[in-house]
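J.: The structure file target.txt (compact mmCIF, C-alpha atoms and all ligand atoms) is provided below.
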```
# COMPACT_ATOMS: atom_id res chain seq x y z
CA MET C 863 14.75 -4.95 -14.64
CA THR C 864 12.15 -4.24 -17.27
CA THR C 865 11.66 -0.69 -18.42
CA SER C 866 8.20 -0.88 -19.87
CA THR C 867 6.13 2.28 -19.84
CA ILE C 868 3.38 2.44 -17.25
CA ILE C 869 2.16 5.99 -17.76
CA GLN C 870 2.23 7.64 -21.16
CA LEU C 871 0.83 11.13 -21.67
CA GLU C 872 0.78 12.74 -25.10
CA LYS C 873 -0.15 16.36 -25.81
CA LEU C 874 -2.25 16.24 -22.68
CA GLU C 875 -4.39 19.32 -22.07
CA LYS C 876 -6.87 20.19 -19.36
CA ILE C 877 -8.97 23.27 -19.85
CA TYR C 878 -11.31 24.39 -17.09
CA GLY C 879 -14.23 26.73 -17.71
CA LYS C 880 -15.35 28.49 -20.85
CA GLY C 881 -14.74 31.74 -22.72
CA GLU C 882 -13.13 34.54 -20.71
CA ALA C 883 -12.91 32.40 -17.58
CA GLN C 884 -11.04 29.61 -19.34
CA VAL C 885 -7.98 28.22 -17.53
CA ARG C 886 -5.53 26.00 -19.38
CA ALA C 887 -4.34 24.07 -16.32
CA LEU C 888 -2.35 21.60 -18.47
CA ALA C 889 -1.12 23.13 -21.70
CA GLY C 890 0.15 20.11 -23.66
CA ILE C 891 2.12 17.64 -21.55
CA ASP C 892 4.26 14.84 -22.95
CA LEU C 893 5.43 12.55 -20.17
CA GLN C 894 6.44 8.91 -19.92
CA ILE C 895 6.89 7.11 -16.64
CA GLY C 896 8.37 3.63 -16.68
CA GLU C 897 7.79 0.64 -14.45
CA ASN C 898 9.43 1.00 -11.03
CA GLU C 899 10.19 4.70 -11.37
CA PHE C 900 9.93 6.96 -8.32
CA VAL C 901 8.95 10.41 -9.58
CA ALA C 902 8.49 13.63 -7.63
CA ILE C 903 6.24 16.27 -9.20
CA MET C 904 7.14 19.80 -8.12
CA GLY C 905 6.26 23.36 -9.12
CA PRO C 906 4.60 26.50 -7.84
CA SER C 907 1.01 26.72 -6.67
CA GLY C 908 -1.38 26.66 -9.63
CA SER C 909 1.14 25.11 -12.02
CA GLY C 910 -1.06 22.06 -12.69
CA LYS C 911 0.29 19.36 -10.35
CA SER C 912 -3.03 18.33 -8.84
CA THR C 913 -4.73 18.53 -12.21
CA LEU C 914 -2.11 16.12 -13.54
CA MET C 915 -2.48 13.77 -10.55
CA ASN C 916 -6.27 13.77 -10.94
CA ILE C 917 -5.92 12.69 -14.56
CA ILE C 918 -3.20 10.10 -13.87
CA GLY C 919 -5.37 8.88 -10.97
CA CYS C 920 -8.41 8.50 -13.28
CA LEU C 921 -10.38 10.94 -11.12
CA ASP C 922 -10.71 13.32 -14.06
CA ARG C 923 -10.40 13.20 -17.84
CA PRO C 924 -8.20 15.30 -20.11
CA THR C 925 -9.76 17.86 -22.46
CA ASN C 926 -7.35 16.92 -25.26
CA GLY C 927 -4.51 14.48 -25.74
CA SER C 928 -4.09 10.88 -24.69
CA TYR C 929 -3.32 8.94 -21.54
CA HIS C 930 -2.23 5.32 -21.66
CA LEU C 931 -1.99 3.43 -18.37
CA ALA C 932 -0.12 0.13 -18.62
CA GLY C 933 -0.74 0.17 -22.37
CA GLU C 934 -4.47 0.85 -22.14
CA ASP C 935 -5.92 4.08 -23.54
CA VAL C 936 -7.90 5.43 -20.59
CA SER C 937 -8.53 8.97 -21.87
CA GLY C 938 -11.89 8.11 -23.40
CA LEU C 939 -13.29 5.81 -20.74
CA THR C 940 -16.59 6.44 -18.95
CA LYS C 941 -16.76 7.34 -15.26
CA THR C 942 -17.70 3.78 -14.32
CA GLN C 943 -14.83 2.35 -16.34
CA LEU C 944 -12.45 4.84 -14.69
CA ALA C 945 -13.69 3.75 -11.25
CA ILE C 946 -12.77 0.18 -12.12
CA ILE C 947 -9.27 1.22 -13.21
CA ARG C 948 -8.83 3.26 -10.02
CA ASN C 949 -9.78 0.40 -7.79
CA ARG C 950 -7.71 -2.25 -9.55
CA ARG C 951 -4.64 -0.41 -10.78
CA LEU C 952 -4.04 2.63 -8.59
CA GLY C 953 -3.27 3.22 -4.93
CA PHE C 954 -3.83 6.69 -3.46
CA ILE C 955 -2.12 8.42 -0.56
CA PHE C 956 -3.41 11.89 0.36
CA GLN C 957 -2.01 14.67 2.52
CA SER C 958 -5.02 14.43 4.84
CA TYR C 959 -5.00 10.58 4.95
CA ASN C 960 -8.72 10.39 3.95
CA LEU C 961 -9.49 7.59 6.41
CA LEU C 962 -13.06 6.86 7.50
CA ALA C 963 -13.28 8.24 11.05
CA GLY C 964 -15.80 5.67 12.28
CA SER C 965 -13.87 2.66 10.94
CA THR C 966 -10.89 0.85 12.45
CA ALA C 967 -7.49 0.66 10.79
CA LEU C 968 -8.37 -2.84 9.57
CA GLU C 969 -11.75 -1.76 8.16
CA ASN C 970 -10.16 1.20 6.39
CA VAL C 971 -7.59 -1.05 4.73
CA MET C 972 -10.29 -3.54 3.71
CA LEU C 973 -12.34 -0.85 1.97
CA PRO C 974 -10.86 -1.20 -1.57
CA LEU C 975 -11.42 -4.95 -1.31
CA LEU C 976 -15.09 -4.42 -0.37
CA TYR C 977 -15.66 -2.36 -3.50
CA ARG C 978 -14.08 -5.14 -5.48
CA ARG C 979 -16.34 -7.67 -3.77
CA ASN C 980 -19.46 -5.66 -4.52
CA GLY C 981 -18.88 -6.23 -8.18
CA ALA C 982 -17.98 -2.60 -8.90
CA THR C 983 -14.70 -3.83 -10.27
CA GLN C 984 -13.15 -6.65 -12.16
CA GLY C 985 -11.12 -9.32 -10.46
CA HIS C 986 -12.22 -12.36 -8.55
CA ARG C 987 -14.40 -11.91 -5.53
CA LEU C 988 -12.72 -12.46 -2.20
CA SER C 989 -14.34 -14.12 0.80
CA ALA C 990 -14.55 -12.10 4.03
CA ALA C 991 -11.69 -14.20 5.45
CA GLU C 992 -9.55 -13.55 2.36
CA GLN C 993 -10.22 -9.82 2.60
CA LYS C 994 -9.23 -9.76 6.24
CA ALA C 995 -6.06 -11.75 5.62
CA LYS C 996 -5.00 -9.39 2.82
CA ALA C 997 -5.70 -6.30 4.94
CA LEU C 998 -3.80 -7.74 7.91
CA ALA C 999 -0.83 -8.50 5.65
CA ALA C 1000 -0.85 -4.91 4.38
CA LEU C 1001 -1.00 -3.55 7.95
CA GLU C 1002 1.89 -5.82 8.90
CA ALA C 1003 3.88 -4.45 5.96
CA VAL C 1004 3.52 -0.93 7.38
CA ARG C 1005 4.27 -2.29 10.87
CA LEU C 1006 0.88 -1.61 12.37
CA SER C 1007 -0.15 -5.12 13.36
CA ASP C 1008 -0.62 -3.85 16.92
CA ARG C 1009 -3.08 -1.13 15.90
CA THR C 1010 -5.56 -3.01 13.71
CA HIS C 1011 -8.60 -2.26 15.90
CA HIS C 1012 -7.78 1.39 16.59
CA LEU C 1013 -9.90 4.18 15.13
CA PRO C 1014 -8.07 6.96 13.23
CA ALA C 1015 -8.58 9.35 16.20
CA GLU C 1016 -6.64 6.88 18.35
CA LEU C 1017 -3.62 6.95 16.02
CA SER C 1018 -0.81 9.45 15.49
CA GLY C 1019 -0.55 11.32 12.18
CA GLY C 1020 2.29 9.07 11.05
CA GLN C 1021 0.31 5.97 11.97
CA MET C 1022 -2.76 7.26 10.10
CA GLN C 1023 -0.64 7.80 7.01
CA ARG C 1024 0.76 4.27 7.37
CA VAL C 1025 -2.84 2.95 7.45
CA ALA C 1026 -3.47 4.95 4.26
CA ILE C 1027 -0.38 3.38 2.69
CA ALA C 1028 -1.64 -0.10 3.64
CA ARG C 1029 -4.99 0.78 2.07
CA ALA C 1030 -3.22 1.99 -1.09
CA LEU C 1031 -1.35 -1.32 -1.28
CA VAL C 1032 -4.04 -3.82 -0.55
CA ASN C 1033 -5.24 -4.24 -4.13
CA ASP C 1034 -1.71 -4.65 -5.56
CA PRO C 1035 -1.83 -1.44 -7.61
CA VAL C 1036 0.35 -0.86 -10.66
CA VAL C 1037 1.02 2.73 -9.57
CA ILE C 1038 0.98 4.46 -6.19
CA LEU C 1039 -0.03 8.12 -6.35
CA ALA C 1040 0.87 10.29 -3.38
CA ASP C 1041 -0.24 13.93 -3.15
CA GLU C 1042 1.88 15.68 -0.48
CA PRO C 1043 2.05 12.48 1.61
CA THR C 1044 4.07 14.16 4.36
CA GLY C 1045 2.36 17.57 4.18
CA ASN C 1046 0.72 17.18 7.60
CA LEU C 1047 3.51 15.24 9.34
CA ASP C 1048 6.38 16.18 11.66
CA SER C 1049 9.89 15.34 10.51
CA HIS C 1050 10.11 12.00 12.34
CA SER C 1051 6.80 10.72 10.91
CA SER C 1052 7.76 12.10 7.48
CA GLU C 1053 10.95 10.03 7.54
CA GLU C 1054 8.98 6.96 8.54
CA VAL C 1055 6.46 7.42 5.73
CA MET C 1056 9.18 8.16 3.18
CA GLY C 1057 11.09 5.10 4.41
CA LEU C 1058 8.03 3.01 3.54
CA LEU C 1059 7.73 4.59 0.08
CA VAL C 1060 11.44 3.91 -0.52
CA GLU C 1061 10.84 0.30 0.49
CA LEU C 1062 7.86 0.01 -1.86
CA HIS C 1063 9.98 1.41 -4.66
CA ALA C 1064 12.79 -1.05 -3.85
CA ASN C 1065 10.22 -3.83 -4.18
CA GLY C 1066 9.27 -2.81 -7.69
CA ARG C 1067 6.39 -0.38 -7.27
CA THR C 1068 5.98 2.70 -9.44
CA ILE C 1069 5.47 5.85 -7.36
CA VAL C 1070 4.36 9.32 -8.46
CA MET C 1071 4.43 11.86 -5.64
CA VAL C 1072 3.62 15.58 -5.50
CA THR C 1073 5.67 17.57 -3.03
CA HIS C 1074 6.64 21.18 -2.31
CA SER C 1075 9.66 20.05 -0.29
CA ASN C 1076 13.14 19.56 -1.76
CA GLU C 1077 13.97 17.30 1.18
CA ILE C 1078 11.06 14.99 0.36
CA ALA C 1079 11.75 15.16 -3.39
CA ALA C 1080 15.29 13.92 -2.63
CA TYR C 1081 13.85 10.46 -1.92
CA ALA C 1082 12.66 10.20 -5.53
CA ARG C 1083 14.87 9.21 -8.47
CA ARG C 1084 13.39 11.67 -10.91
CA VAL C 1085 12.03 15.21 -10.44
CA VAL C 1086 9.56 16.72 -12.92
CA ARG C 1087 8.97 20.45 -12.41
CA PHE C 1088 5.83 22.17 -13.65
CA ARG C 1089 5.24 25.80 -14.49
CA ASP C 1090 2.08 27.29 -16.01
CA GLY C 1091 0.74 23.92 -17.07
CA LEU C 1092 3.93 22.85 -18.82
CA ILE C 1093 6.93 20.74 -17.85
CA GLU C 1094 9.74 23.13 -17.01
CA SER C 1095 12.39 20.49 -16.26
CA ASP C 1096 12.71 16.73 -15.95
CA THR C 1097 15.83 15.42 -14.20
CA PHE C 1098 17.08 12.11 -12.87
CA GLN C 1099 18.96 12.10 -9.59
CA PRO C 1100 21.09 9.58 -7.70
CA VAL C 1101 19.81 7.75 -4.62
CA ALA C 1102 19.91 10.14 -1.68
CA GLN C 1103 21.77 8.88 1.36
CA VAL C 1104 18.81 9.69 3.55
CA LEU C 1105 19.40 8.68 7.13
CA THR C 1106 16.81 7.12 9.37
CA THR C 1107 16.63 8.10 13.04
CA GLU C 1108 18.93 5.16 13.81
CA GLY C 1109 21.55 6.61 11.51
CA GLU C 1110 21.24 3.86 8.90
CA PRO C 1111 20.57 4.75 5.26
CA ALA C 1112 16.82 4.37 4.84
CA ASN C 1113 17.22 2.49 1.59
CA ALA C 1114 19.95 0.10 2.78
CA THR C 1115 17.60 -2.40 4.40
CA PRO C 1116 15.87 -4.89 2.18
CA GLY C 1117 12.13 -4.29 2.11
CA THR C 1118 9.58 -6.49 3.78
CA PHE C 1119 6.71 -5.58 1.47
CA PRO C 1120 5.27 -8.46 -0.48
CA LYS C 1121 6.21 -8.14 -4.12
CA GLU C 1122 3.50 -7.56 -6.66
CA GLY C 1123 1.24 -10.57 -6.89
CA GLU C 1124 3.04 -12.36 -4.07
CA HIS C 1125 0.03 -12.38 -1.75
CA ALA C 1126 -2.49 -12.70 -4.57
CA ASP C 1127 -3.50 -16.12 -3.29
CA LEU C 1128 -4.35 -15.07 0.25
N1 LIG L 1201 -12.07 22.78 -10.97
C1 LIG L 1201 -11.41 23.83 -11.45
N2 LIG L 1201 -12.05 24.79 -12.15
C2 LIG L 1201 -11.41 25.85 -12.67
N3 LIG L 1201 -10.08 26.05 -12.55
C3 LIG L 1201 -9.38 25.13 -11.87
C4 LIG L 1201 -10.00 23.97 -11.28
N4 LIG L 1201 -9.05 23.24 -10.67
C5 LIG L 1201 -7.88 23.90 -10.86
N5 LIG L 1201 -8.07 25.03 -11.57
C6 LIG L 1201 -7.03 25.97 -12.02
O1 LIG L 1201 -6.06 25.24 -12.74
C7 LIG L 1201 -4.75 25.68 -12.43
C8 LIG L 1201 -3.92 24.49 -11.91
O2 LIG L 1201 -4.43 24.08 -10.66
P1 LIG L 1201 -3.82 22.88 -9.82
O3 LIG L 1201 -4.76 22.60 -8.70
O4 LIG L 1201 -3.52 21.76 -10.74
O5 LIG L 1201 -2.46 23.51 -9.27
P2 LIG L 1201 -1.33 22.88 -8.29
O6 LIG L 1201 -0.07 22.89 -9.04
O7 LIG L 1201 -1.83 21.59 -7.76
O8 LIG L 1201 -1.25 23.97 -7.13
P3 LIG L 1201 -1.00 23.78 -5.54
O9 LIG L 1201 0.47 23.63 -5.36
O10 LIG L 1201 -1.51 25.07 -4.97
O11 LIG L 1201 -1.78 22.61 -5.06
C9 LIG L 1201 -4.91 26.79 -11.42
O12 LIG L 1201 -4.83 28.02 -12.11
C10 LIG L 1201 -6.29 26.59 -10.86
O13 LIG L 1201 -6.86 27.80 -10.46
MG MG L 1202 -2.37 20.91 -5.81
```
Would you write the structure of this file as structure tokens?

T.:
Amino acid sequence: MTTSTIIQLEKLEKIYGKGEAQVRALAGIDLQIGENEFVAIMGPSGSGKSTLMNIIGCLDRPTNGSYHLAGEDVSGLTKTQLAIIRNRRLGFIFQSYNLLAGSTALENVMLPLLYRRNGATQGHRLSAAEQKAKALAALEAVRLSDRTHHLPAELSGGQMQRVAIARALVNDPVVILADEPTGNLDSHSSEEVMGLLVELHANGRTIVMVTHSNEIAAYARRVVRFRDGLIESDTFQPVAQVLTTEGEPANATPGTFPKEGEHADL
């Protein structure tokens, strides 16, 4: 397994506001995340977790310091350039799913491919048939082939989050960013969603996930704790013997996700 660095943050600072009202949300972070790591970001409310995720996710830019993503310095890029990086290199999973209510599961998963088609991003343009085939493959990977034409309102919370995971995967991202992915889910759906993330990790994906739950953090292999905009601790942990509802270790079954680039020709 290669251990090349995917995310490299050096002396990263994010300062909001000016003068008296200034908040140093990130106060000088040095952090390296390697290929195929599964990292949980923890820490109290206001400690800078979302600020960090927004910067890693190219939704915001640091005030000072540098951010290299897969070797590329992205800290000084323009908003348009950041949008391209987001679409091509990053997959997002949010606590509230962020699905389009008026669009079917299939249409939601196709969305990142549409942006790509519209020329907003690099990469070759895909035909409508290619887009559909890719989206269907991603829905199959999250075991939702029987729900492709359902609207979000016709799906359970766990199913909506699985659609969001399929959407995060469809562009073959380098990194999957998950902000409280199980925050709105019951324990059964949480296990299902975490089982999928474990599978993605087993298939070589890099995952960075914010969580407030020790139980959820136990699925990760590394836990980085924040306090007052600084890293308080950074620890590696063994694979948790997390049980699925069937009583089998969730990470004992080989994954069915296509490996990176495997369905690039669809
Ligand atoms: N847009 C903003 N403008 C000004 N201050 C902000 C802004 N966003 C965040 N902050 C401040 O930056 C600090 C870090 O916020 P952040 O949202 O990163 O915390 P968090 O660790 O994600 O907390 P939580 O667990 O509650 O989600 C907080 O003190 C917050 O008030
Ligand atoms: Mg937050």

J.: Could you tell me, counting all atoms listed in the file, which protein and nucleic acid residues lie no more than 8 Å from ligand MG 1202 (chain L), written as a VMD selection string?

T.: chain C and resid 907 to 908 910 to 913 1041

J.: Set the cut-off to 8 Å, count all atoms listed in the file, and list whatever residues fall near ligand LIG 1201 (chain L) as a PyMOL selection string.

T.: chain C and resi 877-879+884-888+904-914+1074+1088+1090-1091

J.: Write the residues of the selection above to a file with C-alpha atoms, as a PDB file, in the coordinates of the input.

T.:
```pdb
ATOM      1  CA  ILE C 877      -8.970  23.270 -19.850  1.00  0.00           C
ATOM      2  CA  TYR C 878     -11.310  24.390 -17.090  1.00  0.00           C
ATOM      3  CA  GLY C 879     -14.230  26.730 -17.710  1.00  0.00           C
ATOM      4  CA  GLN C 884     -11.040  29.610 -19.340  1.00  0.00           C
ATOM      5  CA  VAL C 885      -7.980  28.220 -17.530  1.00  0.00           C
ATOM      6  CA  ARG C 886      -5.530  26.000 -19.380  1.00  0.00           C
ATOM      7  CA  ALA C 887      -4.340  24.070 -16.320  1.00  0.00           C
ATOM      8  CA  LEU C 888      -2.350  21.600 -18.470  1.00  0.00           C
ATOM      9  CA  MET C 904       7.140  19.800  -8.120  1.00  0.00           C
ATOM     10  CA  GLY C 905       6.260  23.360  -9.120  1.00  0.00           C
ATOM     11  CA  PRO C 906       4.600  26.500  -7.840  1.00  0.00           C
ATOM     12  CA  SER C 907       1.010  26.720  -6.670  1.00  0.00           C
ATOM     13  CA  GLY C 908      -1.380  26.660  -9.630  1.00  0.00           C
ATOM     14  CA  SER C 909       1.140  25.110 -12.020  1.00  0.00           C
ATOM     15  CA  GLY C 910      -1.060  22.060 -12.690  1.00  0.00           C
ATOM     16  CA  LYS C 911       0.290  19.360 -10.350  1.00  0.00           C
ATOM     17  CA  SER C 912      -3.030  18.330  -8.840  1.00  0.00           C
ATOM     18  CA  THR C 913      -4.730  18.530 -12.210  1.00  0.00           C
ATOM     19  CA  LEU C 914      -2.110  16.120 -13.540  1.00  0.00           C
ATOM     20  CA  HIS C1074       6.640  21.180  -2.310  1.00  0.00           C
ATOM     21  CA  PHE C1088       5.830  22.170 -13.650  1.00  0.00           C
ATOM     22  CA  ASP C1090       2.080  27.290 -16.010  1.00  0.00           C
ATOM     23  CA  GLY C1091       0.740  23.920 -17.070  1.00  0.00           C
TER      24      GLY C1091
END
```

J.: Report as a compact mmCIF listing (two decimals) with C-alpha atoms, keeping the file's coordinate frame all protein, DNA and RNA residues lying within 9 Å of Ile1027 in chain C, evaluated on all atoms listed in the file, omitting residues in the same chain fewer than 4 positions from it.

T.:
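File written: around-v9.txt
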```
# COMPACT_ATOMS: atom_id res chain seq x y z
CA GLY C 953 -3.27 3.22 -4.93
CA PHE C 954 -3.83 6.69 -3.46
CA ILE C 955 -2.12 8.42 -0.56
CA TYR C 959 -5.00 10.58 4.95
CA VAL C 971 -7.59 -1.05 4.73
CA ALA C 1000 -0.85 -4.91 4.38
CA LEU C 1001 -1.00 -3.55 7.95
CA VAL C 1004 3.52 -0.93 7.38
CA MET C 1022 -2.76 7.26 10.10
CA GLN C 1023 -0.64 7.80 7.01
CA LEU C 1031 -1.35 -1.32 -1.28
CA VAL C 1032 -4.04 -3.82 -0.55
CA VAL C 1055 6.46 7.42 5.73
CA LEU C 1058 8.03 3.01 3.54
CA LEU C 1059 7.73 4.59 0.08
```

J.: Would you list the residues near (-10.9, 15.3, -21.3), meaning any protein, DNA or RNA residue with an atom at most 12 Å from that point in file coordinates, counting only C-alpha atoms, as JSON, numbers by chain?

T.: {"C": [873, 874, 875, 876, 877, 878, 888, 913, 914, 916, 917, 918, 920, 921, 922, 923, 924, 925, 926, 927, 928, 929, 936, 937, 938, 939, 940, 941]}

J.: Excluding same-chain residues fewer than 5 positions from Gln870 in chain C, what lies within 8 Å of it counting all atoms listed in the file, as a list of chain:residue names?

T.: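 Neighbouring residues, sequence-local ones excluded: C:Asp892, C:Leu893, C:Gln894, C:Ile895, C:Ser928, C:Tyr929, C:His930, C:Leu931.
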
J.: Rounded to one decimal in Å, what is the spacing between CA of Arg1084 in chain C and CA of Ser1051 in chain C?

T.: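 The value is 22.8 Å.
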